[in-house]
Every structure is written in structure tokens, then in C-alpha cells.
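For reference, query-v2.cif is printed below; it contains mmCIF, C-alpha atoms (C1' of nucleotides).
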```
data_start
#
loop_
_atom_site.label_atom_id
_atom_site.label_comp_id
_atom_site.auth_asym_id
_atom_site.auth_seq_id
_atom_site.Cartn_x
_atom_site.Cartn_y
_atom_site.Cartn_z
CA MET A 1 -1.38 -24.89 13.32
CA LYS A 2 -4.72 -24.61 11.61
CA TYR A 3 -3.46 -22.64 8.62
CA ILE A 4 -0.80 -25.13 7.52
CA GLU A 5 -3.34 -27.29 5.74
CA LYS A 6 -5.11 -24.36 4.21
CA LEU A 7 -1.87 -23.15 2.68
CA ARG A 8 -0.73 -26.59 1.53
CA ASN A 9 -4.06 -27.23 -0.11
CA SER A 10 -3.59 -24.05 -2.10
CA GLY A 11 -0.13 -25.02 -3.25
CA LEU A 12 1.50 -22.45 -0.99
CA ARG A 13 4.29 -23.53 1.30
CA PRO A 14 3.39 -22.84 4.91
CA THR A 15 6.28 -20.57 5.77
CA LYS A 16 6.65 -18.76 9.08
CA GLN A 17 5.74 -15.45 7.42
CA ARG A 18 2.64 -16.74 5.71
CA LEU A 19 1.41 -18.38 8.88
CA GLN A 20 1.89 -15.18 10.84
CA ILE A 21 0.03 -13.21 8.20
CA CYS A 22 -2.77 -15.80 8.33
CA GLU A 23 -3.02 -15.27 12.08
CA VAL A 24 -3.33 -11.55 11.68
CA LEU A 25 -5.80 -11.75 8.82
CA PHE A 26 -7.99 -14.70 9.66
CA ASN A 27 -7.69 -15.54 13.37
CA THR A 28 -10.59 -13.29 14.37
CA ASP A 29 -14.38 -13.50 14.10
CA LYS A 30 -14.65 -10.05 12.58
CA THR A 31 -13.61 -9.48 9.02
CA PHE A 32 -11.88 -6.20 8.22
CA HIS A 33 -10.56 -3.86 5.54
CA PHE A 34 -6.91 -2.93 5.25
CA THR A 35 -4.21 -1.39 3.11
CA ILE A 36 -0.79 -3.01 2.77
CA ASN A 37 0.72 -0.46 5.12
CA GLU A 38 -1.95 -0.94 7.74
CA LEU A 39 -1.37 -4.67 7.54
CA GLU A 40 2.37 -4.26 7.96
CA GLN A 41 1.78 -2.19 11.11
CA LYS A 42 -0.67 -4.73 12.46
CA ILE A 43 1.79 -7.56 11.89
CA LYS A 44 4.55 -5.66 13.67
CA LYS A 45 2.30 -4.99 16.64
CA GLN A 46 0.70 -8.42 16.94
CA THR A 47 3.77 -10.55 16.34
CA ASN A 48 6.67 -8.35 17.48
CA ASN A 49 8.25 -9.42 14.28
CA LYS A 50 8.97 -7.45 11.17
CA ILE A 51 8.05 -9.06 7.90
CA SER A 52 9.58 -7.47 4.83
CA LEU A 53 7.23 -5.18 2.96
CA ALA A 54 7.89 -7.13 -0.25
CA THR A 55 6.73 -10.29 1.47
CA VAL A 56 3.56 -8.63 2.66
CA TYR A 57 2.82 -7.59 -0.90
CA ASN A 58 3.67 -11.05 -2.24
CA THR A 59 1.53 -12.79 0.34
CA VAL A 60 -1.49 -10.54 -0.01
CA HIS A 61 -1.42 -11.02 -3.76
CA ALA A 62 -1.03 -14.77 -3.40
CA PHE A 63 -3.95 -14.89 -0.97
CA GLU A 64 -6.06 -12.76 -3.27
CA LYS A 65 -5.37 -15.06 -6.19
CA LYS A 66 -6.44 -18.03 -4.07
CA GLY A 67 -9.64 -16.25 -3.08
CA TYR A 68 -8.79 -15.64 0.59
CA LEU A 69 -8.85 -11.88 0.13
CA LYS A 70 -10.63 -9.45 -2.13
CA GLN A 71 -9.64 -6.07 -3.48
CA ILE A 72 -12.21 -3.37 -2.93
CA PRO A 73 -12.86 -1.26 -6.02
CA ILE A 74 -12.45 2.31 -4.88
CA ASN A 75 -10.39 5.33 -5.87
CA SER A 76 -7.77 5.86 -3.26
CA SER A 77 -4.03 6.30 -3.30
CA GLU A 78 -3.64 2.93 -1.58
CA THR A 79 -5.31 -0.34 -2.51
CA TYR A 80 -7.85 -1.63 -0.01
CA PHE A 81 -8.30 -5.31 0.69
CA ASP A 82 -11.07 -7.13 2.50
CA THR A 83 -10.91 -10.33 4.53
CA ASN A 84 -14.64 -10.70 3.92
CA VAL A 85 -14.73 -12.66 0.68
CA THR A 86 -18.46 -13.29 0.66
CA ASP A 87 -20.61 -11.37 -1.80
CA HIS A 88 -21.20 -7.99 -0.26
CA HIS A 89 -20.92 -4.27 -0.81
CA HIS A 90 -19.46 -1.13 0.75
CA PHE A 91 -20.26 2.29 2.00
CA TYR A 92 -17.45 4.77 1.60
CA ASP A 93 -17.53 7.70 3.99
CA LEU A 94 -15.93 10.44 1.90
CA LYS A 95 -15.16 12.68 4.85
CA GLU A 96 -13.62 10.07 7.13
CA GLU A 97 -12.19 8.13 4.17
CA LYS A 98 -13.50 4.97 5.81
CA LEU A 99 -15.10 1.85 4.41
CA ILE A 100 -18.13 0.21 6.00
CA ASP A 101 -19.54 -3.17 5.03
CA LEU A 102 -22.93 -3.31 3.42
CA GLU A 103 -24.34 -6.81 3.45
CA ASN A 104 -26.07 -8.24 0.45
CA SER A 105 -29.21 -8.50 2.54
CA ASP A 106 -29.14 -4.73 3.08
CA VAL A 107 -29.31 -4.11 -0.65
CA GLY A 108 -32.35 -5.10 -2.67
CA PRO A 109 -31.72 -7.73 -5.35
CA ILE A 110 -29.72 -6.35 -8.24
CA ASN A 111 -30.81 -7.39 -11.66
CA ILE A 112 -28.45 -6.61 -14.52
CA LEU A 113 -30.62 -6.47 -17.62
CA LYS A 114 -27.93 -5.72 -20.19
CA LYS A 115 -25.93 -8.66 -21.51
CA ILE A 116 -22.49 -8.50 -23.08
CA ASN A 117 -21.83 -10.94 -25.88
CA GLY A 118 -19.65 -13.88 -24.84
CA LYS A 119 -19.06 -12.57 -21.34
CA LYS A 120 -20.22 -13.88 -17.99
CA ILE A 121 -20.84 -11.81 -14.89
CA LYS A 122 -18.17 -12.58 -12.35
CA SER A 123 -19.22 -10.18 -9.62
CA VAL A 124 -21.54 -7.28 -8.91
CA GLU A 125 -20.17 -4.76 -6.46
CA VAL A 126 -21.95 -1.70 -5.16
CA LEU A 127 -20.14 1.31 -3.72
CA VAL A 128 -22.32 3.78 -1.83
CA LYS A 129 -20.58 7.09 -1.20
CA LEU A 130 -21.61 8.92 1.96
CA GLU A 131 -21.46 12.61 2.80
CA ASP A 132 -22.64 14.57 5.82
CA MET B 1 -16.81 29.74 -28.16
CA LYS B 2 -19.49 27.79 -26.39
CA TYR B 3 -17.32 26.73 -23.47
CA ILE B 4 -16.31 30.20 -22.37
CA GLU B 5 -19.54 30.79 -20.53
CA LYS B 6 -19.55 27.34 -19.01
CA LEU B 7 -16.11 27.94 -17.55
CA ARG B 8 -16.86 31.48 -16.39
CA ASN B 9 -20.01 30.33 -14.68
CA SER B 10 -17.96 27.82 -12.73
CA GLY B 11 -15.44 30.42 -11.63
CA LEU B 12 -12.79 29.01 -13.93
CA ARG B 13 -11.01 31.38 -16.26
CA PRO B 14 -11.47 30.35 -19.87
CA THR B 15 -7.84 29.88 -20.80
CA LYS B 16 -6.68 28.53 -24.14
CA GLN B 17 -5.72 25.23 -22.53
CA ARG B 18 -9.02 24.75 -20.75
CA LEU B 19 -10.98 25.55 -23.87
CA GLN B 20 -8.98 23.04 -25.89
CA ILE B 21 -9.52 20.39 -23.24
CA CYS B 22 -13.25 21.19 -23.28
CA GLU B 23 -13.30 20.63 -27.02
CA VAL B 24 -11.67 17.24 -26.68
CA LEU B 25 -13.83 16.16 -23.75
CA PHE B 26 -17.23 17.59 -24.52
CA ASN B 27 -17.48 18.45 -28.20
CA THR B 28 -18.88 15.06 -29.18
CA ASP B 29 -22.24 13.33 -28.82
CA LYS B 30 -20.72 10.21 -27.34
CA THR B 31 -19.44 10.26 -23.78
CA PHE B 32 -16.27 8.28 -23.09
CA HIS B 33 -13.89 6.93 -20.46
CA PHE B 34 -10.25 7.98 -20.27
CA THR B 35 -7.10 8.02 -18.23
CA ILE B 36 -4.96 11.14 -17.93
CA ASN B 37 -2.42 9.71 -20.33
CA GLU B 38 -5.02 8.77 -22.89
CA LEU B 39 -6.41 12.29 -22.66
CA GLU B 40 -2.97 13.81 -23.15
CA GLN B 41 -2.52 11.74 -26.33
CA LYS B 42 -5.95 12.70 -27.59
CA ILE B 43 -5.25 16.39 -27.03
CA LYS B 44 -1.94 16.16 -28.88
CA LYS B 45 -3.62 14.43 -31.83
CA GLN B 46 -6.75 16.59 -32.04
CA THR B 47 -5.15 19.97 -31.47
CA ASN B 48 -1.55 19.54 -32.69
CA ASN B 49 -0.67 21.29 -29.51
CA LYS B 50 1.02 19.96 -26.44
CA ILE B 51 -0.52 20.88 -23.12
CA SER B 52 1.68 20.29 -20.10
CA LEU B 53 0.88 17.10 -18.21
CA ALA B 54 0.52 19.11 -15.01
CA THR B 55 -2.13 21.25 -16.67
CA VAL B 56 -4.03 18.20 -17.83
CA TYR B 57 -4.07 16.92 -14.25
CA ASN B 58 -5.08 20.32 -12.89
CA THR B 59 -7.84 20.77 -15.41
CA VAL B 60 -9.28 17.29 -15.04
CA HIS B 61 -9.39 17.72 -11.27
CA ALA B 62 -10.96 21.16 -11.60
CA PHE B 63 -13.60 19.80 -13.97
CA GLU B 64 -14.26 16.88 -11.66
CA LYS B 65 -14.77 19.22 -8.72
CA LYS B 66 -17.25 21.25 -10.78
CA GLY B 67 -19.13 18.10 -11.72
CA TYR B 68 -18.18 17.99 -15.42
CA LEU B 69 -16.30 14.73 -15.00
CA LYS B 70 -16.55 11.74 -12.72
CA GLN B 71 -13.96 9.34 -11.44
CA ILE B 72 -14.82 5.70 -11.94
CA PRO B 73 -14.23 3.57 -8.85
CA ILE B 74 -12.10 0.70 -10.03
CA ASN B 75 -8.79 -0.87 -9.11
CA SER B 76 -6.34 -0.04 -11.82
CA SER B 77 -2.86 1.46 -11.89
CA GLU B 78 -4.29 4.57 -13.57
CA THR B 79 -7.36 6.54 -12.58
CA TYR B 80 -10.27 6.37 -15.00
CA PHE B 81 -12.53 9.34 -15.64
CA ASP B 82 -15.90 9.52 -17.38
CA THR B 83 -17.42 12.36 -19.37
CA ASN B 84 -20.81 10.80 -18.67
CA VAL B 85 -21.79 12.44 -15.40
CA THR B 86 -25.34 11.14 -15.27
CA ASP B 87 -26.14 8.44 -12.75
CA HIS B 88 -25.01 5.20 -14.31
CA HIS B 89 -22.86 2.16 -13.77
CA HIS B 90 -20.09 0.13 -15.39
CA PHE B 91 -19.12 -3.24 -16.64
CA TYR B 92 -15.43 -3.99 -16.36
CA ASP B 93 -14.13 -6.58 -18.76
CA LEU B 94 -11.32 -8.16 -16.76
CA LYS B 95 -9.61 -9.75 -19.76
CA GLU B 96 -9.66 -6.74 -22.05
CA GLU B 97 -9.31 -4.31 -19.13
CA LYS B 98 -12.04 -2.23 -20.69
CA LEU B 99 -14.95 -0.30 -19.22
CA ILE B 100 -18.45 -0.41 -20.71
CA ASP B 101 -21.30 1.84 -19.67
CA LEU B 102 -24.27 0.29 -17.94
CA GLU B 103 -27.24 2.62 -17.91
CA ASN B 104 -29.35 3.02 -14.85
CA SER B 105 -32.28 1.69 -16.82
CA ASP B 106 -30.36 -1.57 -17.39
CA VAL B 107 -30.09 -2.14 -13.66
CA GLY B 108 -33.15 -2.76 -11.53
CA PRO B 109 -33.81 -0.15 -8.86
CA ILE B 110 -31.28 -0.33 -6.04
CA ASN B 111 -32.62 0.07 -2.56
CA ILE B 112 -30.08 0.58 0.20
CA LEU B 113 -31.80 -0.60 3.37
CA LYS B 114 -29.00 0.12 5.84
CA LYS B 115 -28.69 3.67 7.13
CA ILE B 116 -25.57 5.25 8.60
CA ASN B 117 -26.13 7.74 11.37
CA GLY B 118 -25.74 11.35 10.31
CA LYS B 119 -24.68 10.47 6.77
CA LYS B 120 -26.45 10.99 3.48
CA ILE B 121 -26.07 8.87 0.39
CA LYS B 122 -24.22 10.84 -2.25
CA SER B 123 -24.03 8.20 -4.95
CA VAL B 124 -24.63 4.53 -5.61
CA GLU B 125 -22.27 3.00 -8.13
CA VAL B 126 -22.33 -0.55 -9.41
CA LEU B 127 -19.32 -2.27 -10.93
CA VAL B 128 -20.04 -5.51 -12.77
CA LYS B 129 -16.92 -7.53 -13.48
CA LEU B 130 -17.00 -9.65 -16.61
CA GLU B 131 -15.09 -12.80 -17.48
CA ASP B 132 -15.23 -15.10 -20.50
"C1'" DC C 1 22.47 -35.29 3.97
"C1'" DA C 2 22.37 -33.37 -0.88
"C1'" DC C 3 19.80 -31.16 -4.18
"C1'" DT C 4 16.08 -28.48 -6.29
"C1'" DT C 5 12.50 -25.26 -5.94
"C1'" DT C 6 10.20 -21.80 -3.60
"C1'" DT C 7 10.28 -17.95 -0.63
"C1'" DT C 8 12.12 -14.03 1.73
"C1'" DT C 9 14.55 -9.93 1.82
"C1'" DA C 10 16.68 -5.24 1.31
"C1'" DG C 11 17.19 -2.21 -1.71
"C1'" DA C 12 16.67 -0.36 -6.40
"C1'" DA C 13 13.56 0.76 -10.08
"C1'" DT C 14 9.18 2.20 -11.90
"C1'" DC C 15 5.40 4.93 -12.64
"C1'" DA C 16 1.25 7.69 -11.54
"C1'" DT C 17 0.41 11.63 -9.25
"C1'" DT C 18 1.36 15.92 -6.66
"C1'" DA C 19 4.23 19.81 -5.31
"C1'" DT C 20 7.18 23.77 -6.46
"C1'" DA C 21 8.26 28.04 -7.96
"C1'" DA C 22 9.04 30.92 -11.83
"C1'" DA C 23 6.96 32.81 -16.04
"C1'" DC C 24 2.73 34.02 -18.05
"C1'" DT C 25 -2.19 35.51 -18.65
"C1'" DA C 26 -6.87 37.08 -17.67
"C1'" DC C 27 -9.24 40.58 -15.92
"C1'" DA C 28 -10.64 44.56 -13.37
"C1'" DA C 29 -9.76 49.09 -11.67
"C1'" DA C 30 -7.55 53.34 -12.34
"C1'" DT D 1 -4.48 51.69 -22.25
"C1'" DT D 2 -1.87 50.76 -18.32
"C1'" DT D 3 -1.10 48.60 -14.06
"C1'" DG D 4 -1.81 45.45 -10.32
"C1'" DT D 5 -2.98 41.11 -8.74
"C1'" DA D 6 -4.90 36.82 -8.46
"C1'" DG D 7 -5.25 32.82 -11.13
"C1'" DT D 8 -2.83 29.60 -14.56
"C1'" DT D 9 0.57 27.15 -16.94
"C1'" DT D 10 4.77 24.94 -17.16
"C1'" DA D 11 9.02 22.08 -16.65
"C1'" DT D 12 10.91 19.76 -13.39
"C1'" DA D 13 11.50 17.82 -8.84
"C1'" DA D 14 9.50 15.22 -5.17
"C1'" DT D 15 6.55 11.75 -3.35
"C1'" DG D 16 4.79 7.44 -2.51
"C1'" DA D 17 2.68 3.02 -3.69
"C1'" DT D 18 3.94 -0.89 -5.97
"C1'" DT D 19 6.99 -4.02 -8.53
"C1'" DC D 20 11.49 -5.81 -9.69
"C1'" DT D 21 15.99 -7.91 -8.74
"C1'" DA D 22 19.16 -11.01 -7.35
"C1'" DA D 23 21.25 -13.06 -3.51
"C1'" DA D 24 20.46 -15.55 0.85
"C1'" DA D 25 17.43 -18.56 3.42
"C1'" DA D 26 14.05 -22.08 4.00
"C1'" DA D 27 11.10 -25.88 2.52
"C1'" DG D 28 10.34 -30.09 0.33
"C1'" DT D 29 12.11 -34.56 -1.71
"C1'" DG D 30 14.70 -38.59 -2.20
#
```
Starting from the file, give its structure as C-alpha cells.
Amino acid sequence: MKYIEKLRNSGLRPTKQRLQICEVLFNTDKTFHFTINELEQKIKKQTNNKISLATVYNTVHAFEKKGYLKQIPINSSETYFDTNVTDHHHFYDLKEEKLIDLENSDVGPINILKKINGKKIKSVEVLVKLED
Amino acid sequence: MKYIEKLRNSGLRPTKQRLQICEVLFNTDKTFHFTINELEQKIKKQTNNKISLATVYNTVHAFEKKGYLKQIPINSSETYFDTNVTDHHHFYDLKEEKLIDLENSDVGPINILKKINGKKIKSVEVLVKLED
DNA sequence: CACTTTTTTAGAATCATTATAAACTACAAA
DNA sequence: TTTGTAGTTTATAATGATTCTAAAAAAGTG
């Protein structure tokens, strides 16, 4: 299994559940956005195997901490995650309540002129809201 | 009262509660960020008068719909609102969990090159996460 | 195998937010 | 003014995402 090493190297034991979640999240060329509940459904469908909701939460948070997933900053009742962890941005279609990737190359360079004393910039994320 | 007209013009009846909330939100030169619970505290302190939590929620949502308040897109357990409704952006200090305004003029012009069929851009919001 | 540590799990607890439905209020028309 | 009604406020209940708990299971180590 190709994810065993990845997990071990992060100090996470390669359990059956984590490996299955890795398959669902990372064994695809396309990256995608998801909520915890969408992920749970996807796991059920793809693996014919129910993983406890608490484990899905635990695993997603563990993966986020290790940098394998990112939270998308957006106001929604559920938290959205992204398997695309490269620097990039998002459109949010307000009507469809859907996220669309917006590559860095599709946004002109962003230059933050203001500096905050003693703080470093960790990330710059752009959210473009869309209406009809 | 200076807020009576403002409310009437928006089709909102100028009730005692709404006028008091207007005072707390808008009767100051400085704009600010708040959560519903912070606002409830502020109301209690400034007016010696308890307004029902449900009313605070209702009013904030009504004001947001009318464009007098904006939600700040950020992942947090509570929703943050902003009395600054001009186009601008935010720093988010991850350690202090604090928002700082970032004026449009402190960010170079942002040019969104990708277009989405049949959709218009409603807003472009930048969130700059800060670490030590 | 024996032992320790980590992980999983179902279910309970928490907490922000929304819904409910009864009492109240603004406002306009008579 | 009085009356009618649509809009508001309120306490409280309901909802729903997320986190906590503590016991059982699995992984890693010697």
C-alpha cells in the first residue's frame, strides 16, 4: 500500500480506517472539496464499509495538521476541506453554494503592503463570491 | 433619532431594540468586528438593557441583508461580522485569534483572470493568515 | 506472547444557530 | 382615538455540526 509510508512518516499509525480514507481522498488525479458528511458518504459508497463519524473527524483533523488537507475559509454551516493543498484560491457560487478552484495563475500577483509587527504572513487566500 | 430614517428607508420598523443596536454598532467613528455573543455583551454594558439573544440574531441578519453589516469569511466556531462594509480585507492572527482590517489600498489591485459562465463577481475578499 | 500506547467507536455532551408560537408593538385606516 | 393587522420580540425548544468520553480493539515493541 502506497499510503503506509506516508502515514508512518507523519507519525500516524497506518490503520485500516486511515488507509481507506487515504484512498478516498488521495487516490485520484483530481483534487476536490468536501464536508465531513460528504466524506462519510463517499467512504461508505467507495469502500462498502462504515467508518465511525468520530474517526472521520479525527482523521481529517490529523491530516490537516500534517498538511495533507486544508480548511477553506468560508461562512457555511459545515466546514469545507480541500485535498488541493497547493497555494490557490476559490470562487464561491452563492446560489449553488458550490466552491470552484481558482488557481494562483488566474489571479494577478497579490502584494500585501501593510506589515504587522512581529508577525509573518502564513497564507494569502482569496474568496471570490459569484452571483447570477 | 438619526437611525429612525435609516431603518424606515430599509423597510425595517424602528423599534426600541433595533435603535439600541444601531447605537452600539454605528454610533462610533471606528468600525469593528464582533461575534453575536460579543455584541450581546456590548449591548448589555452600553444600554443597561438586555435584548433577547434571538432578537440580536434577527437584527444582525436583517442588517446584513440590508448591507449595513458584512460577514467575514473565516473558519471559526462563531461567525464574525464587520461594521466596515466598504471593500476591504483582513489579517487573521492565528495565535491571538484576532482579526485586523487590511484596507484595499494596502493590497495591490487584484485581477481575477478566470471567468465563470453566466456568473458575475459579487465580491473579492482576501484573508491573510499571520503567524509569529 | 505480554505489555504499552494509540486508535476506533457509539453514544453523550456541547454550543452556535434557527425555529416556534405566544405576547407585544408600530402603524395605517376608519 | 380606536381598531385591525402585519411585523417584532421573546423565552424556550429544536437542530445540527462538532467535540468529548471511556471502553474495546488494534498496532507496535521487546
**Request:** Tell me, in Å to one decimal, how far atom CA of Lys65 of chain B is from atom CA of Val128 of chain A.
**Result:**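 Atom-to-atom, atom CA of Lys65 of chain B and atom CA of Val128 of chain A are spaced 18.5 Å apart.
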**Prompt:** Counting only C-alpha atoms (C1' of nucleotides), which residues of chain C come no farther than 10 Å from chain B, as a PyMOL selection string?
**Reply:** chain C and resi 15-18+25-27
**Request:** Could you tell me which residues the PyMOL selection byres ((chain B) within 6 of (chain A)) grabs in this file, written as an NGL selection string?
**Result:** :B and (73-75 or 106-108 or 110-114 or 119-132)
**Residues of chain D within 10 Å of chain A, counting only C-alpha atoms (C1' of nucleotides), as an MDAnalysis selection string** = chainID D and resid 16:19 26:28
**Atomic distance atom CA of Thr47 of chain A - atom CA of Asn9 of chain A, expressed in Å with one decimal** =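 Distance reported for this atom pair: 24.7 Å.
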**Fill in**
atom C1' of DT15 of chain D to atom CA of Ala62 of chain A measures 27.6 Å
**Residues in the PyMOL selection byres ((chain D and resi 1-5) around 9), expressed as a ChimeraX atom specification** = /C:29-30 /D:6-7
**Asked** Which residues come within 10 Å of DT4 of chain C, counting all atoms listed in the file, excluding same-chain residues fewer than 2 positions away, as a list in words?
**Response** DA2 and DT6 of chain C; DG28 and DT29 of chain D
**Request:** Let me know the residues the PyMOL selection byres ((chain D and resi 22) around 12) catches in the file above, as a list in words.
**Result:**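 That expression, the PyMOL selection byres ((chain D and resi 22) around 12), corresponds here to DT8, DT9, DA10, DG11 and DA12 of chain C; DC20, DT21, DA23 and DA24 of chain D.
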Specify the axis-aligned box that encloses all atoms of segment 103-113 of chain B listed in the file after padding of 4 Å on each side, stating its centre and edge lengths in Å to one decimal as lines of an AutoDock Vina configuration file.
```
center_x = -30.5
center_y = 0.1
center_z = -7.3
size_x = 14.6
size_y = 13.8
size_z = 29.3
```
**Request:** Would you mind telling me which residue in B:Ile51, B:Gln41, B:Phe34, B:Glu64 lies nearest to Lys98 of chain B when using all atoms listed in the file?
**Result:** B:Phe34
